[in-house]
Each structure stands twice: as C-alpha cells, then as structure tokens.
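In what follows, a structure is listed as structure tokens, so that the remarks can point back to it.
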Amino acid sequence: MRGTRTRKVLLGACFLCVLLSLPLVLWGVHGAGNALEERGKGKGKGKGNSNNGDEEFWPSRSLWTGPGVALSAQPAVDEEARGGEGSRQRIASRSPQRGGLDIYWINLDESVGRRASMETMLKSAAASFPTVRSTRVTGIDTEAVRDMLRRGRVKLKEGLAAAPSGAEETWKLNFRNEYTEGQFACALSHLTAIKRAYDDNSELALILEDDVSVPASFLETWEWYAAMAPPDWTILQWYTNNPVVANASFHYQDPWISWMPGHWGTQAYMVNRDGMERILRGVQGDASAHWYFGDDIVIADELLYALGGKAYTATRTLGIQHDYAVASVVQSKNPGTTANSKKMALLQVSNVSMARITPRKECILVLTNLLMETEEQLNDNIATLGSDMRALSQWNPCSKWKVNFVVRTNLETAFAEKLRGLMERGDLEPMVRYTSSSARFNKYAFMKPLVRQMGEYDYVLMKDADQRIAGFPWNAFMEKKGGSVISGPLREAVGESLMNWMRRKAPGRQWYQLHEARYWKSAANATDFESVEPLAAGYIEQYFALLDGDFAARFFELVLTDEFLDQTLDWGPDLMWCGAAADMRPEKPDCSLVPVVSEHLDTRTIDIERTNCPCTTCPCKAADLPKRRPRGLSNDKAAFLHNVYHDGPLFERWILASEEYRNEVARYRFGYSRTKLEKAFGVVVSLVGCALLGLVGFVGIQMFRHRKRMKVLLPQMVSESHVQKKLARTMFAKVILDVRDKPQKDDGFGSSGVKCLC
C-alpha cells in the first residue's frame, strides 16, 4: 500500500515537473529561432557594447551549428605544425561532425608578443561564443622548409626551385620560377592550418595570421554578411591588402566580388569543407611526399584561392584590421604599400551598412548560349548558370533568362534532370536543341523570334555563358553606367593573372586588350580603376553587353537579316551597335566601358581560328572581296559587309564608326597610347622592312641570272687565301650591281677567261 502511494507521489511529481518545464522549453526554442531570424536580417549590434562604459565585450550569442550538434567553448590549443611530421596524412573520407566556427591562427614560436595578444583576444571570444573554438597552429619557418626539402617531405615539380630569402629581389626570382624559402614557409604554414582543420572534421574554418585583430563586431555579424555571398562559395577572403582593389570596393554596394590574383592577402579568410578538400588534393599529388607543389603556384596569396574552388572577396571587412605596428613573421610585407594599406584599413571599418543587397526596379532580359558536350561540362555549366541566376534575381527580381541550350544527344537524360531543377525558379525559359554534330552555329539565331519582346524590358543583357554575374558588382555597374545606351564591364580570367602566366610573358588570348582588367589595376592606372567612372567607348565587346531595351528591339530588327543568320559567323552586330546607338539615340551617350570586373571562366568552347572568316569558304579568296572596298575598313570587315549585308550604306556607316577606335584604342591594353613619334617609327620600320625585302629579292634575281659565275665566285669568297677572297667579293658586287650586263654564255669563267683568281 505504501509502495503504491509512493509510486503515485513520484509520478505526480514528475508530471508536475514536466508541466513546469514546458514553458521554458517552448521559450528556449522560440527565443533561439528569433535570435537566428534577427541575425539573418542583420539586426546585430555592429560595434559591440561597452560594460560600465569602459570595457568592450563579445556579445553572448549562439552562432550557427550543424544539425543536432551540441558544442561547448574550448580554450586555445597549442598545436605543432602538421603535414611535415610522421607518416603522410591523407585526406580522410569521413563525415564532418563539428559545427560552428573554428578559428585557426598561425604563429611562429619566436613571435611571443603576437601569441599573447591573439590568445587574449580569442579567449574572450571563446567565453562569449560557445560555438567558436580557437586553435593555435605553429608556423613553419625557413629552417624547417630547408629540412623538409632535404628529407623529401616537400617535393617540387621539375623546373620549380626554392631560393634563400634575401639572395635576390623576390620578383626577379619569381619570374625565373624560383621562390624564396620564406614564400614556401608562408604557403606551408597555411596548408598546415587547413590540414589541421580538415583532420578536426571542421565544417567551417576561419584562418588568421597573427598580425590581425578581430573586433567584437565581426563575430556578431559575419553570418549575416556571409549569407549574401554567392551560394557556390568555397573560400571567403575577408581582407585584402591591395589598396587599389579595396579603394574601388568602397564604391560598391555589392557585398562580395570574385577573387582575382591581384587580391593579395591571406591575413583572414574562411574556408568550408569543400574548399579544404580541393586545396589538399591540389598539393598532395605525390604519394612519397607530405606536400607536392606541382602547378608552378607557390605564393600563398594565389595558391589557396586558386586551388580552393569558388573564392570571393568581401568589399567590407566587418572591422578586421591588419596590425601594421607589428612586423609579422608569418608573411613578409611590401613596405611600399604600407602607407596606402593603413589608410585602407581605416576606411574598411566604416560604411559597412552600405554593402547590402537592395532590389532594383529595372526589368532585365538575359540572352545567352550554352554548349554542353560532356557530362563534366554539363554539371559545371548548370551550376554556374544557377548561381548567376540567383545573383541577378537578388538585385533585379524582374529578370528573365532565355537560354539556348545546345546539348549532345547522349546527355539528354542527364540534362533533363538538371534543367528541371533550374525551371523551378520560374525565371528561365529554355530553348533546347539536341544534336550529335560538332559544327559551329550562329549564336544570334535563337534571338530572332525574341526581337519584339526586347522592347518590353528596360534592358537586354547579352553575355557569354562563361562570364560570371555571381561575384560581379552588378549594382555598381548599373549605377555607374548612367544613361548609356550600351554598357559593358571589364573581364579577367584567373589563369591569365597568376604569376606563372605572367612569368612566361604569354600574350593575352583576347584580341581586344583594352577590356582586360589586370592592366587597369596597375599602379599607373589605379586612379581610373578606383574611381569606377565609366569610359566613353567606341566599341563594346559582346562577351557582356547591356543594351537599352527599346534600342535593342530596333537595332536587331535591322541587323538580324536572313543572310546573317544563315551563316555561322557570330560577330558583326557588336561592330555596329555603338554607331547605331549614336544614330538612333543621339540624346544619350552611345557606349560606355565601366571599370568593374566580371570573372571570365574562359571555357574555350569557340574555335577561335574560324571566328574571323566572313566568307563562304575559308580562308577568304579575292573573289570574296568587293571591287570597291570602303576606305579605312580592313579586309575581313569589308568581306563581311559585302557577303552578308551586300555593302548596305547604313551598315557600312555603323561599322566604320567603330573601326578606328577598335584598331587604335581597343586593340591595346589600358594606359597604352601610340604617340605620333611611335606611329612615325612604325612607318619607318615598315619602309625599311620593305626596302630590305626588295633588296633581297633583287640580289636573288641577279644571282640567278649569273648563276654560272656564282658557281665559281661563291666558293672563292670563302677561300683561305685573303687575296682571292677579296677579289671574289669585289667581282660578286660588280656582277650584282651591273643590271645591264647580259649573262655570258660561256663555261662560267670570268670576262678575262681566267678560272683561278690567284
């Protein structure tokens, strides 16, 4: 009886406890949801608060964690350098189990002061943010690099070499494919930190060097800011010490831009699980070594971002600053940029609120072509297209994509599955053509039925599929272009801006070098790039061109003739549209080039060798050229005008309007101008070349006319006898210069009948 009563009392107590705890549970779930919602809307406190008016503290907020993962704060951990000790550590195929933000900071043992500063800062962070963990990674110095190279733990591809630091100017070494031990030490220190994060099953790691300061505002707001990055990111660069890039970024409202090799800086970057795997795969290609450098890329500022996949640079640092008062031993700095970088660091702290996505009102029609011949190409193109569609819709919700998909027949099933996912967005209207042919096609052909619809949109964007919108400062582009009828941005391919490309002094693949962004970022042209002011242009390339909708409808109605669409040449309208804009919309600027950068993936799906042939049979023959060639027009453009547009005067005027600009300005890199002296020198060189060619031809003809004498004179001209050699050369000159002398019909003896001149 007593036992039954006791059990009832216990059950009643448990039931009462459940009832009392239920409101607390509901409040906890609701409160956590509200906290996440507020952070997603950017309602963080920004600069942090002060305690009693004089002490900064880290607001106690819970950061994102993986599903079902409970995390607790951990103190800073001292970790020895990995990747160079013990057996080779391969990439483990295991599922990550940790969530939150893991901070890995690199510090050399001799940098005691920086270690104390970092530990103090990160200890405060760990106390306030339960899901933020910090781990010290011992940096690798030059002595360790020499030891790792000697013992075979680090291997270099053939032609790549390590040189002692300070032996010669670094840039000279790099241009010989030699890198200092300090550069190797920096790269290996970062690779060690990334390897440690991967081995710890970290899903998201923030890598820091020991000379940066991370304020309270960063951990409070980074999730809100990172949520605005393109969804395909693998690395986020939070800080760049290139003042040209940073100063230009202050004019952007766009939160993120595509990373490019000129975006120096490994002081603070965030890498996710996919990015870690990509980087580690890229430097573990030799089973006999811990680290293998096999791509002629050693500089950490390039290596990490180039191997890591999709990398983007923040236009605002959320308060992260580089401490210029301390000489970092992790990475050497260029003293020439210190003053500009200090100014940049102060500016980066401000104007954070400017970098946010605010939808625009314009309606955009996007036209592009996608050729997919392999399954890998299919996956990459669909992923890129989806990311670009999302990026544009954030700024311009009223946007419509009309894409011409050209797909190999063996990919029909896989493509249909991928397309179904894209179609769910509702802003894509595909035009699909399955084909087994590899023949070229005119990319304007699918646009003909869409011409009348163009006038229904504010703008028509024509772009190549390998020009990115994700990571492109779209809002800055739209604001800076002003009222131009046609506008275009710069372009830059990562591969053509890396040190190993410039070391080879390889020419750019693109014919029109004016649109190559890397020349705009040079010290001589920095002001023009930083100001983001548009340049009046006589020609905009069709890789990325934004046209006024009404103008596009009128223009393409005229130029997309049956004769043009029936051939495979897909250039021509771009030669004419600036001239047409000046005719049709004289009250507005016709064309402008805006110095903002669209990443060029350079998929190279176009056969460049055939794109410049406007004739029915290539190469062009004399019969393909008009009898009356327009003055000032090159052969290929004259053939195009003759064969496609039948020498129409309107089209001739429009092409001529851009001809001089294309040949004298767009053909050359920005900042290069041919002076009158250079032009005169070019004329002189041409005349001298023609004279030399004529002289060689004249000598050849004379030698042939007097070939019998040449058989005797030429051997004697190289005789060992000095007298015979001199007489033979004198006779040779007389024979060549005597144009009126008829060849003698003898046995090749001279006029004296003497065979030997001795």
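Chain labels follow the order of the structure tokens: the first chain is A, the next B, and so on; residue numbering restarts at 1 in every chain, and ligands are counted from 1 in their shown order.
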
Sel. of strand (DSSP E or B) residues, range 299-503 of chain A, as a ChimeraX atom specification: /A:311-314,321-322,364-372,399-408,428-435,459-463,467,486-492

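Summary of the local environment: counting only C-alpha atoms, residues at most 8 Å from range 545-558 of chain A, other than itself and those fewer than 6 positions away along its chain, are Lys448, Val451, Arg452, Gln453, Met454, Gly455, Glu456, Tyr457, Asp458, Tyr459, Val460, Leu461, Met462, Lys463, Val485, Ile486, Ser487, Gly488, Pro489, Trp577, Ala580, Ala581, Met584 and Arg585 of chain A.
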
Distance query Lys310 in chain A at most 7 Å, only C-alpha atoms, self and fewer than 3 positions along chain excluded, as a list of chain:residue names: A:Asp232, A:Trp233, A:Thr234, A:Ile235

How would the residues just picked look written out with N, CA and C atoms as a tab-separated table (two decimals), in the first residue's frame?
```tsv
chain	number	residue	atom	x	y	z
A	232	ASP	N	27.69	29.23	-54.14
A	232	ASP	CA	28.67	28.22	-54.54
A	232	ASP	C	30.05	28.46	-53.93
A	233	TRP	N	30.17	29.36	-52.97
A	233	TRP	CA	31.48	29.72	-52.44
A	233	TRP	C	32.13	28.56	-51.70
A	234	THR	N	33.45	28.50	-51.80
A	234	THR	CA	34.24	27.57	-51.01
A	234	THR	C	35.25	28.31	-50.13
A	235	ILE	N	35.65	29.52	-50.56
A	235	ILE	CA	36.56	30.35	-49.76
A	235	ILE	C	36.04	31.79	-49.77
```

Those in range 365-570 of chain A with alpha helix (DSSP H) from DSSP, as a ChimeraX atom specification: /A:375-395,412-423,451-454,474-480,499-503,517-520,526-531,549-559,562-565

Residues near Leu156 in chain A, cut-off 10 Å, only C-alpha atoms, skip fewer than 5 positions along chain, as number ranges by chain: A: 149, 161-162, 286, 289, 291-296, 298

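Take CA of Ile320 in chain A and CA of Trp222 in chain A: the distance between them is 10.8 Å.
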
Residue neighbourhood range 401-407 of chain A, 9 Å, only C-alpha atoms, exclusion window fewer than 4 positions, as an NGL selection string: :A and (364-374 or 378 or 389 or 411-412 or 415 or 427-436 or 443 or 446-447)

Preceding selection exported with N, CA, C and O atoms as a tab-separated table (two decimals), in the first residue's frame:
```tsv
chain	number	residue	atom	x	y	z
A	364	ILE	N	15.12	43.02	-66.59
A	364	ILE	CA	16.27	42.63	-67.40
A	364	ILE	C	15.93	41.35	-68.17
A	364	ILE	O	15.42	40.38	-67.59
A	365	LEU	N	16.21	41.37	-69.46
A	365	LEU	CA	16.12	40.15	-70.29
A	365	LEU	C	17.54	39.69	-70.57
A	365	LEU	O	18.34	40.43	-71.15
A	366	VAL	N	17.86	38.46	-70.15
A	366	VAL	CA	19.21	37.91	-70.32
A	366	VAL	C	19.19	36.88	-71.44
A	366	VAL	O	18.37	35.95	-71.43
A	367	LEU	N	20.09	37.05	-72.40
A	367	LEU	CA	20.19	36.13	-73.54
A	367	LEU	C	21.59	35.54	-73.57
A	367	LEU	O	22.58	36.28	-73.56
A	368	THR	N	21.67	34.22	-73.62
A	368	THR	CA	22.97	33.57	-73.68
A	368	THR	C	22.82	32.19	-74.29
A	368	THR	O	21.71	31.64	-74.39
A	369	ASN	N	23.95	31.61	-74.69
A	369	ASN	CA	24.01	30.28	-75.28
A	369	ASN	C	24.85	29.37	-74.40
A	369	ASN	O	25.86	29.81	-73.84
A	370	LEU	N	24.45	28.11	-74.31
A	370	LEU	CA	25.22	27.14	-73.54
A	370	LEU	C	25.43	25.88	-74.38
A	370	LEU	O	24.46	25.23	-74.79
A	371	LEU	N	26.67	25.56	-74.64
A	371	LEU	CA	27.02	24.35	-75.38
A	371	LEU	C	27.55	23.33	-74.38
A	371	LEU	O	28.48	23.61	-73.63
A	372	MET	N	26.94	22.13	-74.39
A	372	MET	CA	27.35	21.08	-73.45
A	372	MET	C	27.64	19.80	-74.21
A	372	MET	O	26.73	19.18	-74.77
A	373	GLU	N	28.92	19.43	-74.22
A	373	GLU	CA	29.37	18.27	-74.98
A	373	GLU	C	29.77	17.10	-74.10
A	373	GLU	O	29.83	15.96	-74.57
A	374	THR	N	30.09	17.35	-72.82
A	374	THR	CA	30.48	16.29	-71.90
A	374	THR	C	29.67	16.41	-70.62
A	374	THR	O	29.09	17.46	-70.33
A	378	LEU	N	28.43	19.68	-68.59
A	378	LEU	CA	27.01	19.83	-68.23
A	378	LEU	C	26.87	20.24	-66.77
A	378	LEU	O	26.16	21.20	-66.44
A	389	MET	N	21.94	33.10	-62.02
A	389	MET	CA	20.52	33.45	-62.00
A	389	MET	C	20.11	33.94	-60.61
A	389	MET	O	19.39	34.93	-60.47
A	411	LEU	N	23.57	13.15	-73.73
A	411	LEU	CA	23.38	13.80	-72.43
A	411	LEU	C	21.93	14.19	-72.19
A	411	LEU	O	21.63	14.89	-71.23
A	412	GLU	N	21.02	13.71	-73.03
A	412	GLU	CA	19.64	14.16	-72.97
A	412	GLU	C	19.00	13.87	-71.61
A	412	GLU	O	18.36	14.74	-71.01
A	415	PHE	N	20.67	15.95	-68.79
A	415	PHE	CA	20.33	17.36	-68.93
A	415	PHE	C	18.90	17.64	-68.49
A	415	PHE	O	18.63	18.65	-67.82
A	427	ASP	N	12.18	31.83	-63.52
A	427	ASP	CA	12.67	32.95	-64.32
A	427	ASP	C	13.52	32.48	-65.49
A	427	ASP	O	14.33	33.23	-66.02
A	428	LEU	N	13.33	31.22	-65.90
A	428	LEU	CA	14.10	30.67	-67.01
A	428	LEU	C	13.16	30.14	-68.08
A	428	LEU	O	12.21	29.40	-67.78
A	429	GLU	N	13.41	30.54	-69.32
A	429	GLU	CA	12.70	29.99	-70.47
A	429	GLU	C	13.74	29.36	-71.39
A	429	GLU	O	14.43	30.07	-72.13
A	430	PRO	N	13.88	28.04	-71.34
A	430	PRO	CA	14.94	27.40	-72.13
A	430	PRO	C	14.51	27.13	-73.57
A	430	PRO	O	13.35	26.94	-73.87
A	431	MET	N	15.50	27.15	-74.43
A	431	MET	CA	15.34	26.70	-75.81
A	431	MET	C	16.39	25.62	-76.01
A	431	MET	O	17.59	25.90	-75.94
A	432	VAL	N	15.96	24.40	-76.23
A	432	VAL	CA	16.86	23.26	-76.20
A	432	VAL	C	16.97	22.66	-77.58
A	432	VAL	O	15.97	22.45	-78.28
A	433	ARG	N	18.21	22.38	-77.97
A	433	ARG	CA	18.45	21.69	-79.24
A	433	ARG	C	19.44	20.56	-78.97
A	433	ARG	O	20.58	20.80	-78.57
A	434	TYR	N	18.98	19.32	-79.19
A	434	TYR	CA	19.86	18.17	-79.05
A	434	TYR	C	20.49	17.87	-80.41
A	434	TYR	O	19.81	17.82	-81.42
A	435	THR	N	21.78	17.67	-80.39
A	435	THR	CA	22.48	17.43	-81.65
A	435	THR	C	23.69	16.55	-81.41
A	435	THR	O	24.28	16.56	-80.33
A	436	SER	N	24.06	15.79	-82.42
A	436	SER	CA	25.29	14.99	-82.38
A	436	SER	C	26.38	15.64	-83.21
A	436	SER	O	27.48	15.11	-83.31
A	443	LYS	N	25.20	32.06	-82.82
A	443	LYS	CA	24.55	32.21	-81.52
A	443	LYS	C	23.47	33.28	-81.51
A	443	LYS	O	22.73	33.40	-80.53
A	446	PHE	N	18.93	32.12	-82.32
A	446	PHE	CA	17.78	31.90	-81.43
A	446	PHE	C	17.17	33.22	-80.96
A	446	PHE	O	16.07	33.24	-80.40
A	447	MET	N	17.86	34.35	-81.17
A	447	MET	CA	17.36	35.64	-80.71
A	447	MET	C	16.34	36.25	-81.66
A	447	MET	O	15.59	37.14	-81.26
```

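Distances from A:Arg653, A:His646, A:His706, A:Lys521 to Gly671 in chain A were compared using only C-alpha atoms, and the smallest one belongs to A:Lys521.
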
Separation of CA of Met499 in chain A from CA of Trp511 in chain A in Å: 21.2 Å

Straight-line distance linking CA of Val212 in chain A with CA of Ser189 in chain A, stated in Å to one decimal: 15.9 Å
